[in-house]
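Colleague: I'd like to ask you about the structure that follows.
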Amino acid sequence: MIVALDLRNSFSLKKAMRIFTLFVLTTFLLSCKKQPFENEYENSLSAWMNFKKETNNSYKYTQVWYSWTGHSSEIMVTVRDGKIVARSYKAIGPDMENGEVIKTYAEWSEDETTLNSHSESTGASLTLDEIYLKAKNEWLNVSRDENEISFETKNNGMISSCGYVSKECADDCFRGITIKEISKLI
């Protein structure tokens, strides 16, 4: 039996195989689910690791919270050699009797001996290492179908906001962290 090759059909077969391979590869790549903000998170984590090395893991950051009602709070956390050594807190908002006046509702400071003694109102503070872990494992790891997820890096590439809001919630529903400032200890 003699087999004759038709080069025109062979060329068409090669072309069809390339198109098929490209289709399968594209379908595979598009079906791989990436975590939301995965690239941004990794870039931010890298910026944090560089800052951590430059500062010998000694820094302070200011965590903020804002409400649509005009109330807000700030917690300044001080970390030395990777350990939280102090924090201070201030909560302000409109006075209940005169909304034109901004009133301080709570204010306190803690040092190493009193650290987390006010955690009933604020929770225990976290180091940036712990914040990055919580961001990856909790705040960025929720259902995209049920939540709006956000991640921002406005602190020289480091985390400035990370969290989510349930699509079912009307107000003050953000679960996560907002960091106004990260700076080296002087």
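Note on naming: chains are A, B, ... as they come in the structure tokens, residues start from 1 per chain, ligands start from 1 in the order shown.
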Report as number ranges by chain: the residues of range 41-135 of chain A with a DSSP assignment of alpha helix (DSSP H), based on the backbone of this structure.

Modeller: A: 41-54, 119-122, 128-134

Colleague: Do a neighbour search on Ala86 in chain A at 9 Å with only C-alpha atoms, toss out local chain neighbours closer than 3 positions, and write the hits as JSON, numbers by chain.

Modeller: {"A": [76, 77, 78, 79, 109, 110, 111, 112, 114, 115]}

Colleague: Which parts of chain A does DSSP call strand (DSSP E) when run on the backbone here, written out as a count of residues only?

Modeller: 60

Colleague: In terms of the shortest atom-to-atom distance over only C-alpha atoms, which of A:Ile92, A:Leu133, A:Ile149, A:Ile186 is closest to Cys173 in chain A?

Modeller: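 Closest candidate: A:Ile149.
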
Colleague: May I ask which of the residues A:Lys134, A:Tyr66, A:Lys60, A:Leu140 is the closest one to Asp81 in chain A, counting only C-alpha atoms?

Modeller: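 Under the stated criterion, the closest residue is A:Lys60.
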
Colleague: Which residue out of A:Lys180, A:Lys136, A:Arg144, A:Arg175 has the minimum interatomic distance to Glu38 in chain A when only C-alpha atoms are used?

Modeller: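 For Glu38 in chain A, the nearest of the candidates is A:Lys136.
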
Colleague: Determine, counting only C-alpha atoms, which protein, DNA and RNA residues have an atom within 6 Å of an atom of range 54-59 of chain A; residues of the same chain fewer than 4 positions away are not included. Present the result as a ChimeraX atom specification.

Modeller: /A:79-82,183-185

Colleague: Just checking: using only C-alpha atoms, which residue out of A:Asn50, A:Thr127, A:Gly176, A:Met158 ends up closest to Asn141 in chain A?

Modeller: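 For Asn141 in chain A, the nearest of the candidates is A:Gly176.
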
Colleague: Quick one: residues within 12 Å of Gly163 in chain A, only C-alpha atoms counted, chain neighbours fewer than 3 positions away excluded, as an MDAnalysis selection string?

Modeller: chainID A and resid 36:37 131:132 134:144 147:152 159:160 166 173:179

Colleague: Quick one: residues within 12 Å of Ser46 in chain A, only C-alpha atoms, excluding same-chain residues fewer than 2 positions away - as a PyMOL selection string?

Modeller: chain A and resi 39-44+48-53+129+132+153+156-159

Colleague: Could you jot down the CA of Gly93 in chain A to CA of Gly70 in chain A separation for me, Å, one decimal place?

Modeller: 5.6 Å

Colleague: Pick from A:Gln63, A:Asn155, A:Thr104, A:Thr113: nearest to Leu126 in chain A, with only C-alpha atoms counted?

Modeller: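 Among A:Gln63, A:Asn155, A:Thr104, A:Thr113, it is A:Gln63 that comes nearest to Leu126 in chain A.
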